[in-house]
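Visitor: Here you go, one structure.
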Protein chains: 2
Amino acid sequence: MNISDVAKATGLPVKTIRYYEDIDLITPGRGENGYRRFSVQDQHRLAFIGRARSLGFSVEACRSLLLLYNDRDRASADVKRIAREHLAEIERKRDELTQMRDTLFQLISACAGNDRPDCPILADLASGDGS
Amino acid sequence: MNISDVAKATGLPVKTIRYYEDIDLITPGRGENGYRRFSVQDQHRLAFIGRARSLGFSVEACRSLLLLYNDRDRASADVKRIAREHLAEIERKRDELTQMRDTLFQLISACAGNDRPDCPILADLASGDGS
DNA sequence: CTTGACCTTCCAGTTACTGGAACCCTTATG
DNA sequence: CATAAGGGTTCCAGTAACTGGAAGGTCAAG
């Protein structure tokens, strides 16, 4: 399979797949013409990465997860630990966004949004008595 | 005021303040020794930026907000539009994180987290029948 | 034989800083 | 007066994870 086929199959952009080879997440073979040739394992690996990325795992976390995935002697505790750390980070970010959302919502509600200059949003940013 | 004083006053790192000058968000004066001299307006401007950033506005959005802030003929509608677009983006990201959190939570709950290799987290990443 | 769709590599840009090196200025102290 | 600590300065490089674009090789069809 050529790169664009794998791109279609995995939903990953061609550029991204090349990038993943660049950072040694995958090592596809090469044909006589220099084109990358992707095996079923390569595809599988890329799909794995794509799903892990869509769960927000960093590329380095994906690397660790792939290592564990290919390690028959792994302990599920190691996987779980990585996932839990990631979940904690996601919850932290989500809480931050929730806080931002609430504050922004307040400010937006208070703003007339007309052609006059008075604006509670700017007033808050200027004075910082917002939250 | 020297840069470290303003850093203390605004809570922004010294490096960040220099960076903001670099990208022309602020233009502090200079003393005879070449040191930046920050006026009260400079401080005020930096505090404004710091608060906008803490609400998640991008640096470019901060630039727009500062322009509006210094425009006596602004329309609050323009500020409100920027804030609403930003809020929409925040909600989008938050929804994404919520989705990730829920899926991760399911997977983590299903994982024994012991010294055995069986792992629903890896199984899901490998097969993609997770959500 | 040319056109168009592939493929290749390499370089640069994105966001918003952050770390570090090399060096200058100021103030206090032995 | 020398020096050491603690400011300040510039400039360069790196971060994360791609993404866009240029320049050029390859392949199948008409």
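Lettering and numbering for the structure tokens are positional, with chains as A, B, ... in the shown order, residues counted from 1 in each chain, and ligands counted from 1 in the shown order.
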With a distance cut-off of 8 Å and only C-alpha atoms (C1' of nucleotides), select the neighbouring residues of Arg72 in chain B, excluding the residue or stretch itself and same-chain residues fewer than 3 positions from it, and output the selection as a CSV table (one decimal) with all heavy atoms, in the first residue's frame.
Guide:
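Everything below was put into around.csv:
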chain,number,residue,atom,x,y,z
A,117,PRO,N,-19.7,52.8,23.1
A,117,PRO,CA,-18.4,52.3,23.6
A,117,PRO,C,-18.4,51.6,24.9
A,117,PRO,O,-17.4,50.8,25.2
A,117,PRO,CB,-17.5,53.6,23.7
A,117,PRO,CG,-18.5,54.7,23.9
A,117,PRO,CD,-19.8,54.3,23.2
B,68,LEU,N,-9.2,48.1,20.6
B,68,LEU,CA,-10.6,48.6,20.9
B,68,LEU,C,-10.6,49.3,22.3
B,68,LEU,O,-11.3,50.3,22.4
B,68,LEU,CB,-11.5,47.4,21.0
B,68,LEU,CG,-11.9,46.7,19.7
B,68,LEU,CD1,-12.6,45.4,19.9
B,68,LEU,CD2,-12.8,47.7,18.9
B,69,TYR,N,-9.8,48.8,23.2
B,69,TYR,CA,-9.8,49.5,24.5
B,69,TYR,C,-9.3,50.9,24.4
B,69,TYR,O,-9.8,51.8,25.1
B,69,TYR,CB,-8.9,48.7,25.5
B,69,TYR,CG,-8.8,49.3,26.8
B,69,TYR,CD1,-9.9,49.3,27.6
B,69,TYR,CD2,-7.6,49.8,27.3
B,69,TYR,CE1,-9.8,49.8,28.9
B,69,TYR,CE2,-7.5,50.3,28.6
B,69,TYR,CZ,-8.6,50.3,29.4
B,69,TYR,OH,-8.6,50.9,30.7
Visitor: Assign secondary structure with DSSP using the backbone only, and return the residues of range 98-127 of chain A in alpha helix (DSSP H) as a list of chain:residue names.
Guide: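 Reading the DSSP output for range 98-127 of chain A, alpha helix (DSSP H) covers A:Thr98, A:Gln99, A:Met100, A:Arg101, A:Asp102, A:Thr103, A:Leu104, A:Phe105, A:Gln106, A:Leu107, A:Ile108, A:Ser109, A:Ala110, A:Pro120, A:Ile121, A:Leu122, A:Ala123, A:Asp124, A:Leu125, A:Ala126, A:Ser127.
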Visitor: For chain A, which residues have at least one atom within 12 Å of chain C, if we go by only C-alpha atoms (C1' of nucleotides)? Write them as a short mmCIF file (atom, residue, chain, number, x, y, z; two decimals) with N, CA, C and O atoms, in the first residue's frame, please.
Guide:
data_model
loop_
_atom_site.label_atom_id
_atom_site.label_comp_id
_atom_site.auth_asym_id
_atom_site.auth_seq_id
_atom_site.Cartn_x
_atom_site.Cartn_y
_atom_site.Cartn_z
N ASN A 2 0.48 2.19 -0.82
CA ASN A 2 1.17 3.48 -0.84
C ASN A 2 0.62 4.40 0.24
O ASN A 2 -0.41 4.11 0.85
N ILE A 3 1.30 5.51 0.40
CA ILE A 3 0.97 6.36 1.54
C ILE A 3 -0.45 6.91 1.49
O ILE A 3 -1.12 7.02 2.53
N SER A 4 -0.93 7.25 0.31
CA SER A 4 -2.26 7.86 0.26
C SER A 4 -3.36 6.83 0.56
O SER A 4 -4.42 7.19 1.09
N ASP A 5 -3.09 5.59 0.26
CA ASP A 5 -4.04 4.53 0.60
C ASP A 5 -4.16 4.39 2.11
O ASP A 5 -5.27 4.31 2.66
N VAL A 14 -1.50 12.53 4.92
CA VAL A 14 -0.25 12.02 4.38
C VAL A 14 0.95 12.65 5.09
O VAL A 14 1.91 11.95 5.47
N ARG A 18 4.09 10.79 7.21
CA ARG A 18 5.53 11.01 6.97
C ARG A 18 6.22 11.50 8.24
O ARG A 18 7.32 11.08 8.57
N ASP A 22 9.27 10.07 10.46
CA ASP A 22 10.40 10.92 10.80
C ASP A 22 10.81 10.81 12.26
O ASP A 22 11.99 10.83 12.59
N ARG A 30 10.45 0.28 1.85
CA ARG A 30 10.51 1.12 0.65
C ARG A 30 10.49 0.25 -0.59
O ARG A 30 11.13 -0.82 -0.62
N GLY A 31 9.79 0.70 -1.62
CA GLY A 31 9.82 0.00 -2.90
C GLY A 31 11.04 0.40 -3.72
O GLY A 31 11.84 1.24 -3.28
N ASN A 33 11.19 2.12 -6.32
CA ASN A 33 11.08 3.52 -6.76
C ASN A 33 11.27 4.52 -5.62
O ASN A 33 11.20 5.72 -5.82
N GLY A 34 11.51 3.99 -4.42
CA GLY A 34 11.71 4.90 -3.29
C GLY A 34 10.42 5.20 -2.53
O GLY A 34 10.45 5.86 -1.49
N TYR A 35 9.31 4.73 -3.05
CA TYR A 35 8.03 4.97 -2.37
C TYR A 35 7.96 4.14 -1.09
O TYR A 35 8.47 3.02 -1.03
N ARG A 36 7.28 4.72 -0.08
CA ARG A 36 7.05 3.94 1.14
C ARG A 36 6.05 2.82 0.83
O ARG A 36 5.07 3.03 0.11
N ARG A 37 6.28 1.62 1.40
CA ARG A 37 5.33 0.53 1.27
C ARG A 37 4.85 0.15 2.65
O ARG A 37 5.65 -0.25 3.49
#
Visitor: Could you pull the residues within 10 Å of Glu89 in chain A, counting only C-alpha atoms (C1' of nucleotides), minus those fewer than 6 positions along the same chain, as number ranges by chain?
Guide: A: 56, 83, 95; B: 101
Visitor: Report as a tab-separated table: every residue of chain A with an atom at most 8 Å from chain D, its closest pair of atoms, and their distance in Å to one decimal, counting only C-alpha atoms (C1' of nucleotides), with rows sorted by chain and ascending residue number.
Guide:
residue	atom	partner	partner_atom	distance
A:Lys15	CA	D:DT19	C1'	7.6
A:Thr16	CA	D:DC18	C1'	6.7
A:Tyr19	CA	D:DC18	C1'	7.7
A:Asn33	CA	D:DT26	C1'	7.2
A:Val59	CA	D:DA17	C1'	8.0
Visitor: Output as a list in words the set of chain B residues within 6 Å of chain A, with distances taken over only C-alpha atoms.
Guide: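 Result, ordered by chain then number: Phe48, Arg51, Leu55, Arg74, Ala75, Ser76, Ala77, Lys80, Arg94, Met100, Gly113, Asn114, Asp115, Arg116, Pro117, Cys119, Leu125 and Ala126 of chain B.
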Visitor: So the first atom is CA of Ala9 in chain A and the second is CA of Gln41 in chain A; what is the distance between them in Å, to one decimal place?
Guide: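 Separating CA of Ala9 in chain A from CA of Gln41 in chain A is a distance of 12.9 Å.
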Visitor: Using the chain letters and numbers from this document, which residues of chain A does DSSP assign to strand (DSSP E), as number ranges by chain?
Guide: A: 29-30, 36-37
Visitor: With N, CA, C and O atoms retained, could you export that selection as a CSV table (one decimal), in the first residue's frame?
Guide:
chain,number,residue,atom,x,y,z
A,29,GLY,N,8.5,-0.1,4.9
A,29,GLY,CA,9.6,-0.4,4.0
A,29,GLY,C,9.5,0.6,2.8
A,29,GLY,O,8.7,1.5,2.8
A,30,ARG,N,10.5,0.3,1.8
A,30,ARG,CA,10.5,1.1,0.7
A,30,ARG,C,10.5,0.2,-0.6
A,30,ARG,O,11.1,-0.8,-0.6
A,36,ARG,N,7.3,4.7,-0.1
A,36,ARG,CA,7.0,3.9,1.1
A,36,ARG,C,6.0,2.8,0.8
A,36,ARG,O,5.1,3.0,0.1
A,37,ARG,N,6.3,1.6,1.4
A,37,ARG,CA,5.3,0.5,1.3
A,37,ARG,C,4.8,0.2,2.7
A,37,ARG,O,5.6,-0.2,3.5
Visitor: Grab the CA of Ser58 in chain A to CA of Tyr20 in chain B distance for me, in Å with one decimal place.
Guide: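 CA of Ser58 in chain A sits 28.5 Å away from CA of Tyr20 in chain B.
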